[in-house]
Structure formats: structure tokens, C-alpha cells
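Here is the file final-v8.cif (mmCIF, C-alpha atoms).
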```cif
data_entry
loop_
_atom_site.label_atom_id
_atom_site.label_comp_id
_atom_site.auth_asym_id
_atom_site.auth_seq_id
_atom_site.Cartn_x
_atom_site.Cartn_y
_atom_site.Cartn_z
CA MET M 1 1.04 7.41 24.91
CA THR M 2 -0.73 9.24 22.11
CA ALA M 3 0.97 8.63 18.79
CA LEU M 4 -1.20 11.02 16.86
CA HIS M 5 -4.03 13.38 17.80
CA LEU M 6 -6.40 14.87 15.23
CA GLU M 7 -9.23 17.36 15.77
CA PHE M 8 -11.97 18.53 13.46
CA ASP M 9 -14.85 20.98 13.52
CA VAL M 10 -17.89 19.41 11.92
CA ALA M 11 -20.18 21.99 10.33
CA GLY M 12 -23.91 21.50 10.90
CA ASN M 13 -26.42 21.19 8.09
CA ASN M 14 -23.76 21.20 5.39
CA PHE M 15 -24.29 18.14 3.28
CA VAL M 16 -21.55 18.88 0.81
CA SER M 17 -18.76 18.97 3.42
CA ALA M 18 -20.30 16.26 5.64
CA GLY M 19 -17.84 13.40 5.82
CA SER M 20 -14.71 15.45 5.26
CA ALA M 21 -13.37 14.79 8.81
CA SER M 22 -13.81 11.02 8.29
CA ASP M 23 -12.13 11.40 4.93
CA GLU M 24 -9.10 13.03 6.59
CA VAL M 25 -8.87 10.25 9.18
CA LYS M 26 -9.12 7.64 6.46
CA LYS M 27 -6.33 9.32 4.49
CA THR M 28 -4.14 9.54 7.60
CA LEU M 29 -4.62 5.85 8.46
CA LYS M 30 -3.87 4.85 4.87
CA MET M 31 -0.73 6.98 4.96
CA LEU M 32 0.32 5.18 8.15
CA GLY M 33 0.02 1.92 6.25
CA VAL M 34 -2.87 0.57 8.31
CA ASP M 35 -4.70 -2.51 6.94
CA ALA M 36 -7.43 -1.54 4.44
CA GLN M 37 -10.24 -3.48 6.13
CA PHE M 38 -9.45 -1.81 9.46
CA VAL M 39 -9.32 1.62 7.82
CA ARG M 40 -12.74 0.96 6.29
CA LYS M 41 -14.30 0.01 9.64
CA VAL M 42 -12.94 3.16 11.30
CA ALA M 43 -13.98 5.35 8.36
CA ILE M 44 -17.52 3.97 8.29
CA ALA M 45 -18.06 4.27 12.05
CA MET M 46 -16.76 7.83 12.10
CA TYR M 47 -18.64 8.81 8.94
CA GLU M 48 -21.96 7.60 10.37
CA GLY M 49 -21.22 9.57 13.55
CA GLU M 50 -20.24 12.64 11.59
CA ILE M 51 -23.43 12.46 9.53
CA ASN M 52 -25.43 12.14 12.76
CA MET M 53 -23.84 15.33 14.08
CA VAL M 54 -24.66 17.12 10.83
CA ILE M 55 -28.26 15.87 10.72
CA HIS M 56 -29.30 16.01 14.35
CA ALA M 57 -26.98 18.32 16.26
CA GLY M 58 -26.02 21.25 14.07
CA GLY M 59 -22.42 20.01 13.95
CA GLY M 60 -19.86 19.47 16.67
CA LYS M 61 -16.29 18.44 17.30
CA ALA M 62 -14.46 15.25 16.42
CA ALA M 63 -11.26 14.19 18.20
CA VAL M 64 -9.30 11.18 17.05
CA ASP M 65 -6.39 9.59 18.89
CA ILE M 66 -4.34 6.99 17.09
CA TYR M 67 -2.40 4.76 19.50
CA PRO M 68 -0.09 1.90 18.54
CA ASP M 69 -2.78 -0.66 19.46
CA LYS M 70 -6.09 1.16 18.94
CA ILE M 71 -7.88 4.21 17.66
CA VAL M 72 -10.25 6.25 19.83
CA ILE M 73 -12.81 8.58 18.24
CA VAL M 74 -14.75 11.08 20.35
CA LEU M 75 -17.64 12.90 18.69
CA ALA M 76 -19.09 15.66 20.85
CA ASP M 77 -21.99 17.95 20.03
CA HIS M 78 -24.23 20.48 21.74
CA GLY M 79 -27.36 19.28 19.98
CA PRO M 80 -30.75 18.29 21.44
CA GLY M 81 -29.46 15.08 23.06
CA ILE M 82 -30.92 11.57 22.84
CA PRO M 83 -33.86 10.99 25.23
CA ASP M 84 -33.81 7.19 24.97
CA ILE M 85 -30.45 5.74 23.95
CA GLU M 86 -31.68 2.14 23.95
CA LEU M 87 -34.44 3.06 21.50
CA ALA M 88 -32.03 5.08 19.35
CA MET M 89 -29.76 2.02 19.11
CA ARG M 90 -32.54 -0.12 17.66
CA ASP M 91 -32.12 -1.07 13.99
CA GLY M 92 -34.45 1.04 11.88
CA TYR M 93 -35.41 3.56 14.56
CA SER M 94 -34.91 7.11 13.36
CA THR M 95 -36.09 10.59 14.21
CA ALA M 96 -34.64 12.08 11.02
CA PRO M 97 -37.10 14.16 8.98
CA ASP M 98 -38.14 13.17 5.44
CA ALA M 99 -35.80 15.79 3.96
CA ILE M 100 -32.87 13.83 5.41
CA ARG M 101 -34.23 10.54 4.06
CA ASP M 102 -34.32 12.14 0.62
CA LEU M 103 -30.57 12.64 1.03
CA GLY M 104 -30.05 8.92 1.66
CA PHE M 105 -29.77 8.96 5.44
CA GLY M 106 -32.15 8.53 8.35
CA ALA M 107 -32.76 4.81 7.89
CA GLY M 108 -32.13 4.22 11.58
CA MET M 109 -28.91 2.36 10.92
CA GLY M 110 -26.32 4.96 11.87
CA LEU M 111 -25.82 4.03 15.53
CA PRO M 112 -26.16 0.25 14.91
CA ASN M 113 -23.55 0.51 12.13
CA MET M 114 -21.23 2.46 14.44
CA LYS M 115 -21.56 -0.23 17.10
CA LYS M 116 -21.05 -2.99 14.57
CA TYR M 117 -17.80 -1.61 13.23
CA THR M 118 -16.19 -0.70 16.57
CA ASP M 119 -14.92 -2.76 19.50
CA SER M 120 -16.60 -0.51 22.04
CA MET M 121 -18.98 2.41 21.86
CA ASP M 122 -20.17 4.61 24.70
CA ILE M 123 -22.91 7.23 24.39
CA GLN M 124 -23.31 9.96 27.01
CA SER M 125 -26.25 12.23 26.30
CA THR M 126 -28.21 14.88 28.15
CA VAL M 127 -31.41 16.19 26.63
CA GLY M 128 -31.02 19.87 25.81
CA LYS M 129 -27.25 19.79 26.32
CA GLY M 130 -25.75 17.42 23.80
CA THR M 131 -24.23 14.05 23.11
CA THR M 132 -20.74 12.58 23.29
CA VAL M 133 -20.04 9.32 21.51
CA THR M 134 -16.74 7.54 22.21
CA MET M 135 -15.75 4.73 19.92
CA THR M 136 -12.70 2.48 20.17
CA VAL M 137 -11.39 0.20 17.46
CA ASN M 138 -8.54 -2.13 18.37
CA PHE M 139 -5.91 -3.04 15.84
CA ALA M 140 -5.95 -6.76 15.18
CA ALA M 141 -3.39 -8.59 17.35
CA MET V 1 -16.69 -7.69 -14.57
CA LYS V 2 -14.81 -4.76 -16.06
CA ILE V 3 -16.29 -1.28 -15.72
CA LYS V 4 -16.42 -0.97 -19.50
CA GLU V 5 -18.69 -4.04 -19.67
CA ILE V 6 -20.97 -2.45 -17.06
CA VAL V 7 -21.08 0.75 -19.12
CA GLU V 8 -21.99 -1.28 -22.18
CA LEU V 9 -24.62 -3.48 -20.49
CA LEU V 10 -26.32 -0.50 -18.86
CA ASP V 11 -25.88 1.74 -21.91
CA ALA V 12 -24.39 4.25 -19.49
CA LYS V 13 -22.73 7.61 -19.90
CA VAL V 14 -19.31 7.98 -18.23
CA TYR V 15 -18.94 11.20 -16.21
CA CYS V 16 -15.51 10.44 -14.81
CA GLY V 17 -13.07 7.56 -14.58
CA GLU V 18 -12.52 7.12 -18.31
CA ASP V 19 -9.11 5.68 -17.44
CA MET V 20 -10.67 3.05 -15.14
CA MET V 21 -12.63 1.12 -17.77
CA ASP V 22 -10.42 -1.97 -17.38
CA VAL V 23 -10.80 -2.10 -13.59
CA ASP V 24 -12.37 -5.43 -12.61
CA LEU V 25 -15.24 -5.38 -10.09
CA HIS V 26 -16.16 -8.49 -8.14
CA SER V 27 -19.41 -7.55 -6.44
CA ALA V 28 -22.18 -4.99 -6.31
CA CYS V 29 -24.67 -3.45 -3.94
CA ALA V 30 -27.72 -1.36 -4.76
CA SER V 31 -29.52 1.10 -2.52
CA ASP V 32 -30.79 4.63 -2.23
CA MET V 33 -30.10 4.55 1.51
CA MET V 34 -26.48 5.20 2.29
CA SER V 35 -26.55 3.43 5.67
CA ASP V 36 -27.54 0.26 3.82
CA VAL V 37 -24.45 0.68 1.71
CA LEU V 38 -22.36 1.31 4.82
CA ALA V 39 -23.51 -2.02 6.27
CA PHE V 40 -21.65 -3.69 3.40
CA VAL V 41 -17.87 -4.06 3.41
CA LYS V 42 -16.24 -5.55 0.37
CA ASP V 43 -13.40 -4.76 -1.99
CA GLN V 44 -13.66 -3.84 -5.64
CA ALA V 45 -17.37 -3.23 -5.61
CA LEU V 46 -19.93 -1.39 -7.71
CA LEU V 47 -22.55 0.82 -6.08
CA ILE V 48 -25.84 1.16 -7.94
CA SER V 49 -27.98 4.02 -6.67
CA GLY V 50 -30.81 6.31 -7.64
CA LEU V 51 -29.62 8.85 -5.11
CA CYS V 52 -27.79 11.76 -6.69
CA ASN V 53 -25.90 13.93 -4.18
CA PRO V 54 -22.29 14.30 -2.96
CA GLN V 55 -22.87 11.88 -0.07
CA VAL V 56 -23.18 9.03 -2.56
CA ILE V 57 -19.59 9.70 -3.56
CA ARG V 58 -18.43 10.14 0.06
CA THR V 59 -20.15 6.91 1.06
CA ALA V 60 -18.57 5.05 -1.85
CA ASP V 61 -15.17 6.46 -0.90
CA MET V 62 -15.52 5.28 2.72
CA MET V 63 -16.22 1.81 1.35
CA ASP V 64 -13.39 1.85 -1.22
CA ILE V 65 -16.03 1.38 -3.90
CA LYS V 66 -14.48 1.81 -7.35
CA CYS V 67 -17.51 2.64 -9.47
CA ILE V 68 -20.92 4.25 -8.96
CA ALA V 69 -23.72 3.65 -11.43
CA LEU V 70 -26.54 6.14 -11.09
CA VAL V 71 -29.85 4.83 -12.40
CA ARG V 72 -33.07 6.35 -13.73
CA GLY V 73 -31.03 8.75 -15.87
CA LYS V 74 -29.79 10.81 -12.91
CA ARG V 75 -27.18 13.38 -13.91
CA PRO V 76 -24.41 13.96 -11.36
CA THR V 77 -23.75 17.53 -10.27
CA ASP V 78 -20.39 19.21 -10.87
CA ASP V 79 -19.65 18.82 -7.13
CA MET V 80 -20.18 15.08 -7.38
CA ILE V 81 -18.00 14.73 -10.45
CA ALA V 82 -15.21 16.75 -8.81
CA ILE V 83 -15.24 14.61 -5.63
CA ALA V 84 -15.40 11.37 -7.63
CA ARG V 85 -12.46 12.46 -9.77
CA GLU V 86 -10.44 13.42 -6.68
CA LYS V 87 -11.21 10.07 -5.05
CA GLY V 88 -10.51 7.96 -8.13
CA ILE V 89 -14.06 6.66 -8.46
CA ALA V 90 -15.64 6.02 -11.84
CA LEU V 91 -19.03 7.72 -12.06
CA ILE V 92 -21.50 6.53 -14.67
CA SER V 93 -25.19 7.10 -15.28
CA SER V 94 -27.73 4.84 -16.93
CA GLY V 95 -31.34 5.26 -18.05
CA HIS V 96 -32.15 1.83 -16.57
CA ARG V 97 -34.31 1.66 -13.46
CA MET V 98 -32.73 0.12 -10.38
CA TYR V 99 -34.48 -3.23 -10.84
CA SER V 100 -33.47 -3.72 -14.45
CA ALA V 101 -29.92 -2.43 -13.85
CA CYS V 102 -29.46 -4.97 -11.05
CA GLY V 103 -31.11 -7.76 -13.03
CA THR V 104 -29.01 -7.10 -16.10
CA LEU V 105 -25.71 -7.16 -14.20
CA TYR V 106 -26.72 -10.12 -12.02
CA ALA V 107 -27.69 -12.17 -15.08
CA LYS V 108 -24.25 -11.48 -16.53
CA GLY V 109 -22.54 -12.80 -13.42
CA LEU V 110 -21.85 -9.80 -11.20
CA GLN V 111 -22.29 -11.14 -7.68
CA PRO V 112 -24.04 -9.47 -4.77
CA GLY V 113 -21.63 -8.45 -2.02
CA GLU V 114 -21.62 -10.31 1.24
CA ILE V 115 -21.41 -8.51 4.51
CA THR V 116 -18.03 -9.21 6.05
CA VAL V 117 -17.04 -7.39 9.19
#
```
Have the structure of the file written as C-alpha cells, please.
Amino acid sequence: MTALHLEFDVAGNNFVSAGSASDEVKKTLKMLGVDAQFVRKVAIAMYEGEINMVIHAGGGKAAVDIYPDKIVIVLADHGPGIPDIELAMRDGYSTAPDAIRDLGFGAGMGLPNMKKYTDSMDIQSTVGKGTTVTMTVNFAA
Amino acid sequence: MKIKEIVELLDAKVYCGEDMMDVDLHSACASDMMSDVLAFVKDQALLISGLCNPQVIRTADMMDIKCIALVRGKRPTDDMIAIAREKGIALISSGHRMYSACGTLYAKGLQPGEITV
């Protein structure tokens, strides 16, 4: 049963608004009285994913389902896709251009951080078609 | 360490959060790379950064960071000040370089943050 479903359009190449979807999710979870440490994990994982969509994919869609026992975040884009997911998951590996590094991102830690802060993460990607990342964070028992 | 002590030690200018000067911070992290900051989860922290764009504020907000100290005399943009004010984050700027800002605060007892997931 879905307790709450949220959807967001993430605009590409807009660094001022980047992070606003994660901000909304964070606010919603706080309003629901969810534990602060849990909220932070979800916010960070989603924020990294949102930034990835802005940097690499020209934006996309974020769907968040909040269940009584877990939260599921699906980030879907129609960007260039990831040719080698294993390589992309490696700490420090990044294809971000220097202009993105000047903005404080592109250190090759986005995907590893997302994995670290979630209980499961699945990446489906087709080169030339896009990427869908599904992350699940379980509420502590 | 209270934010007002940080302002004093770093000879910093306060851009917003004047009402937060008595907030006590227990740890700090310093980086120009936001993903480094996002690998750090800790309450009541200070973020020291030479990066000056709205994502510094967003990143700090995701982490529940209470105060951002910009170094090397960086001046925050109006956008940054507006987001920081909305989020309840004190935003200060110091002429110190990153190394001396960190050294100064560390020597006065502000602890580095540990990564706790």
C-alpha cells in the first residue's frame, strides 16, 4: 500500500534549482516526523541522484513512494546512459567536465554515496536511451 | 563552539543568521567538493568551503549543517543568502584561506566530524 506518492520534474543544467526535489522530500519526511538521521540519508542519496540527472542527463523525473516501512526513490532520465555501470560505481571515477568540478561536483562520489546511504540500489541503463536508478531505504525496525 | 566565536576567530563577516550566534556547533568539515561533504553525516556541524554557489547551501541543508564559513574572502550571491535565510543556515565569510581557517578552529577545540552512517 502506498502511503504517499510524490513526483518531480528535474530541470537539466539548472544549478540554482538543482536539489529542490530532494528538498521537498526532506521537508515532507520531516513533517511526517521521521527520524532526522534517516531523513538525512534519504535526502543525501536523492540529492546526489538529482545532481547526476542535472549534470549528465539534461534532467529527468523523480518519483518517491513513502510506505510505512520504507521509502522508494526512482530517478529516470533520457540522458546518454552509462556504458559501464561497474566503472561508474567506482569511488573517484567521473566523466563530469571541469566546468562541473568548478561547481563542486564531479568527484566521482555521487553513485558510491547513493549506494552507501541506501539499503538497495538498482541501476538500469541503456546507452543512448537513458538511465533509471531505483533506491530503497528501509525504516529502522 | 558558538557561531559567534567562529565569527570572531575567523574575523568573518555575517551575511545571514545574525540570530544564530549562540548556536553551539560540535564538529566541522572542510571541502570544495560537495560530494566529500555529503559523505559526512553529523549533527550541529560547520561547513568550511571555498566554493561559492547555491549548491553549497543546498548541500549544507541536506546535511542539517547549521553554519557555512566561506573562505578566501568569497562573497555569497544574493541567491545564496536568500536560500540560507530560508533554510535557517548562518552564512559567514572570512578572508582566511582554507588551511588557516581549519587550523585556527581546530586549535581552539572544534573537532573534525566523523563519518557515521
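For Ala96 of chain M, the set of protein, DNA and RNA residues having any atom at most 10 Å away, when counting only C-alpha atoms and skipping those fewer than 2 positions along the same chain, is Asn52, Ile55, His56, Tyr93, Ser94, Asp98, Ala99, Ile100, Arg101, Phe105, Gly106, Ala107 and Gly108 of chain M.
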Given only C-alpha atoms, how would the per-residue table for chain M near chain V read, listing every residue at most 9 Å away with its closest atom pair and distance in Å to one decimal, sorted by chain and number, as a tab-separated table?
```
residue	atom	partner	partner_atom	distance
M:Phe15	CA	V:Gln55	CA	7.2
M:Val16	CA	V:Pro54	CA	6.0
M:Ser17	CA	V:Pro54	CA	8.7
M:Ala18	CA	V:Gln55	CA	7.6
M:Gly19	CA	V:Arg58	CA	6.6
M:Ser20	CA	V:Arg58	CA	8.3
M:Ser22	CA	V:Met62	CA	8.2
M:Asp23	CA	V:Met62	CA	7.3
M:Lys26	CA	V:Met62	CA	7.8
M:Ala36	CA	V:Asp64	CA	8.9
M:Gln37	CA	V:Val41	CA	8.1
M:Val39	CA	V:Met62	CA	8.8
M:Arg40	CA	V:Met63	CA	6.1
M:Lys41	CA	V:Val117	CA	7.9
M:Ala43	CA	V:Met62	CA	5.8
M:Ile44	CA	V:Met62	CA	6.1
M:Ala45	CA	V:Leu38	CA	8.9
M:Tyr47	CA	V:Met62	CA	7.8
M:Glu48	CA	V:Ser35	CA	7.8
M:Arg101	CA	V:Met33	CA	7.7
M:Asp102	CA	V:Leu51	CA	8.1
M:Leu103	CA	V:Asn53	CA	7.1
M:Gly104	CA	V:Met33	CA	4.4
M:Phe105	CA	V:Met34	CA	5.9
M:Gly106	CA	V:Ser35	CA	8.0
M:Ala107	CA	V:Ser35	CA	6.7
M:Gly108	CA	V:Ser35	CA	8.2
M:Met109	CA	V:Ser35	CA	5.9
M:Gly110	CA	V:Ser35	CA	6.4
M:Asn113	CA	V:Ala39	CA	6.4
M:Lys116	CA	V:Val117	CA	8.0
M:Tyr117	CA	V:Val117	CA	7.1
```
Written selection (C-alpha atoms) as an mmCIF file, in the coordinates of the input:
```cif
data_model
loop_
_atom_site.group_PDB
_atom_site.id
_atom_site.type_symbol
_atom_site.label_atom_id
_atom_site.label_comp_id
_atom_site.auth_asym_id
_atom_site.auth_seq_id
_atom_site.Cartn_x
_atom_site.Cartn_y
_atom_site.Cartn_z
ATOM 1 C CA PHE M 15 -24.290 18.140 3.280
ATOM 2 C CA VAL M 16 -21.550 18.880 0.810
ATOM 3 C CA SER M 17 -18.760 18.970 3.420
ATOM 4 C CA ALA M 18 -20.300 16.260 5.640
ATOM 5 C CA GLY M 19 -17.840 13.400 5.820
ATOM 6 C CA SER M 20 -14.710 15.450 5.260
ATOM 7 C CA SER M 22 -13.810 11.020 8.290
ATOM 8 C CA ASP M 23 -12.130 11.400 4.930
ATOM 9 C CA LYS M 26 -9.120 7.640 6.460
ATOM 10 C CA ALA M 36 -7.430 -1.540 4.440
ATOM 11 C CA GLN M 37 -10.240 -3.480 6.130
ATOM 12 C CA VAL M 39 -9.320 1.620 7.820
ATOM 13 C CA ARG M 40 -12.740 0.960 6.290
ATOM 14 C CA LYS M 41 -14.300 0.010 9.640
ATOM 15 C CA ALA M 43 -13.980 5.350 8.360
ATOM 16 C CA ILE M 44 -17.520 3.970 8.290
ATOM 17 C CA ALA M 45 -18.060 4.270 12.050
ATOM 18 C CA TYR M 47 -18.640 8.810 8.940
ATOM 19 C CA GLU M 48 -21.960 7.600 10.370
ATOM 20 C CA ARG M 101 -34.230 10.540 4.060
ATOM 21 C CA ASP M 102 -34.320 12.140 0.620
ATOM 22 C CA LEU M 103 -30.570 12.640 1.030
ATOM 23 C CA GLY M 104 -30.050 8.920 1.660
ATOM 24 C CA PHE M 105 -29.770 8.960 5.440
ATOM 25 C CA GLY M 106 -32.150 8.530 8.350
ATOM 26 C CA ALA M 107 -32.760 4.810 7.890
ATOM 27 C CA GLY M 108 -32.130 4.220 11.580
ATOM 28 C CA MET M 109 -28.910 2.360 10.920
ATOM 29 C CA GLY M 110 -26.320 4.960 11.870
ATOM 30 C CA ASN M 113 -23.550 0.510 12.130
ATOM 31 C CA LYS M 116 -21.050 -2.990 14.570
ATOM 32 C CA TYR M 117 -17.800 -1.610 13.230
#
```
Residue members of the PyMOL selection byres ((chain V and resi 102) around 10) in the file shown, as an MDAnalysis selection string: chainID V and resid 10 28:30 48 71 96:101 103:108 110 112
Between atom CA of Thr131 of chain M and atom CA of Lys27 of chain M, distance in Å (one decimal):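 Atom CA of Lys27 of chain M lies at a distance of 26.3 Å from atom CA of Thr131 of chain M.
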Length of the atom CA of Ala11 of chain M to atom CA of Met46 of chain M vector [Å]: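 Between these atoms lies a distance of 14.7 Å.
The closest residue to Gly92 of chain M, picked from M:Leu75, M:Leu111, M:Val42, M:Val10 and counting all atoms listed in the file, is M:Leu111.
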M:Asp9, M:Glu50, M:Glu24, M:Asp122 ranked by distance to Ile85 of chain M, top pick (using all atoms listed in the file):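 Comparing M:Asp9, M:Glu50, M:Glu24, M:Asp122 against Ile85 of chain M, the winner is M:Asp122.
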Point-to-point distance from atom CA of Val137 of chain M to atom CA of Lys70 of chain M, Å rounded to tenths: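 Atom-to-atom, atom CA of Val137 of chain M and atom CA of Lys70 of chain M are spaced 5.6 Å apart.
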Taking N, CA and C atoms as the atom set, what does segment 77-108 of chain V look like once completed, written as a short mmCIF file (atom, residue, chain, number, x, y, z; two decimals), in the frame of the given file?
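So result.cif came out as:
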```cif
data_model
loop_
_atom_site.label_atom_id
_atom_site.label_comp_id
_atom_site.auth_asym_id
_atom_site.auth_seq_id
_atom_site.Cartn_x
_atom_site.Cartn_y
_atom_site.Cartn_z
N THR V 77 -24.07 16.10 -10.30
CA THR V 77 -23.75 17.53 -10.27
C THR V 77 -22.23 17.71 -10.45
N ASP V 78 -21.82 18.93 -10.71
CA ASP V 78 -20.39 19.21 -10.87
C ASP V 78 -19.62 18.87 -9.60
N ASP V 79 -20.25 19.17 -8.43
CA ASP V 79 -19.65 18.82 -7.13
C ASP V 79 -19.33 17.33 -7.06
N MET V 80 -20.34 16.54 -7.45
CA MET V 80 -20.18 15.08 -7.38
C MET V 80 -19.06 14.61 -8.30
N ILE V 81 -19.03 15.16 -9.49
CA ILE V 81 -18.00 14.73 -10.45
C ILE V 81 -16.61 15.10 -9.93
N ALA V 82 -16.51 16.29 -9.33
CA ALA V 82 -15.21 16.75 -8.81
C ALA V 82 -14.73 15.83 -7.68
N ILE V 83 -15.65 15.48 -6.75
CA ILE V 83 -15.24 14.61 -5.63
C ILE V 83 -14.87 13.22 -6.16
N ALA V 84 -15.68 12.71 -7.08
CA ALA V 84 -15.40 11.37 -7.63
C ALA V 84 -14.05 11.34 -8.32
N ARG V 85 -13.75 12.40 -9.07
CA ARG V 85 -12.46 12.46 -9.77
C ARG V 85 -11.31 12.48 -8.76
N GLU V 86 -11.48 13.31 -7.71
CA GLU V 86 -10.44 13.42 -6.68
C GLU V 86 -10.22 12.06 -5.99
N LYS V 87 -11.30 11.33 -5.80
CA LYS V 87 -11.21 10.07 -5.05
C LYS V 87 -10.87 8.87 -5.94
N GLY V 88 -10.81 9.08 -7.24
CA GLY V 88 -10.51 7.96 -8.13
C GLY V 88 -11.65 6.97 -8.22
N ILE V 89 -12.87 7.52 -8.33
CA ILE V 89 -14.06 6.66 -8.46
C ILE V 89 -14.69 6.93 -9.83
N ALA V 90 -14.97 5.84 -10.55
CA ALA V 90 -15.64 6.02 -11.84
C ALA V 90 -17.11 6.31 -11.58
N LEU V 91 -17.64 7.32 -12.27
CA LEU V 91 -19.03 7.72 -12.06
C LEU V 91 -19.76 7.62 -13.40
N ILE V 92 -20.76 6.72 -13.42
CA ILE V 92 -21.50 6.53 -14.67
C ILE V 92 -22.99 6.68 -14.41
N SER V 93 -23.75 6.96 -15.46
CA SER V 93 -25.19 7.10 -15.28
C SER V 93 -25.93 6.37 -16.39
N SER V 94 -26.98 5.66 -15.99
CA SER V 94 -27.73 4.84 -16.93
C SER V 94 -29.21 5.20 -16.89
N GLY V 95 -29.88 5.02 -18.01
CA GLY V 95 -31.34 5.26 -18.05
C GLY V 95 -32.12 4.10 -17.45
N HIS V 96 -31.46 2.98 -17.17
CA HIS V 96 -32.15 1.83 -16.57
C HIS V 96 -32.74 2.22 -15.22
N ARG V 97 -33.83 1.55 -14.85
CA ARG V 97 -34.31 1.66 -13.46
C ARG V 97 -33.46 0.71 -12.62
N MET V 98 -33.54 0.91 -11.31
CA MET V 98 -32.73 0.12 -10.38
C MET V 98 -32.91 -1.37 -10.63
N TYR V 99 -34.18 -1.80 -10.73
CA TYR V 99 -34.48 -3.23 -10.84
C TYR V 99 -33.85 -3.83 -12.09
N SER V 100 -34.01 -3.14 -13.22
CA SER V 100 -33.47 -3.72 -14.45
C SER V 100 -31.95 -3.61 -14.50
N ALA V 101 -31.39 -2.54 -13.90
CA ALA V 101 -29.92 -2.43 -13.85
C ALA V 101 -29.34 -3.61 -13.06
N CYS V 102 -29.94 -3.86 -11.89
CA CYS V 102 -29.46 -4.97 -11.05
C CYS V 102 -29.64 -6.30 -11.77
N GLY V 103 -30.81 -6.50 -12.35
CA GLY V 103 -31.11 -7.76 -13.03
C GLY V 103 -30.15 -8.01 -14.18
N THR V 104 -29.89 -6.97 -14.94
CA THR V 104 -29.01 -7.10 -16.10
C THR V 104 -27.61 -7.52 -15.67
N LEU V 105 -27.08 -6.86 -14.65
CA LEU V 105 -25.71 -7.16 -14.20
C LEU V 105 -25.64 -8.52 -13.50
N TYR V 106 -26.67 -8.83 -12.73
CA TYR V 106 -26.72 -10.12 -12.02
C TYR V 106 -26.72 -11.28 -13.03
N ALA V 107 -27.57 -11.11 -14.07
CA ALA V 107 -27.69 -12.17 -15.08
C ALA V 107 -26.36 -12.39 -15.80
N LYS V 108 -25.55 -11.36 -15.85
CA LYS V 108 -24.25 -11.48 -16.53
C LYS V 108 -23.14 -11.90 -15.56
#
```
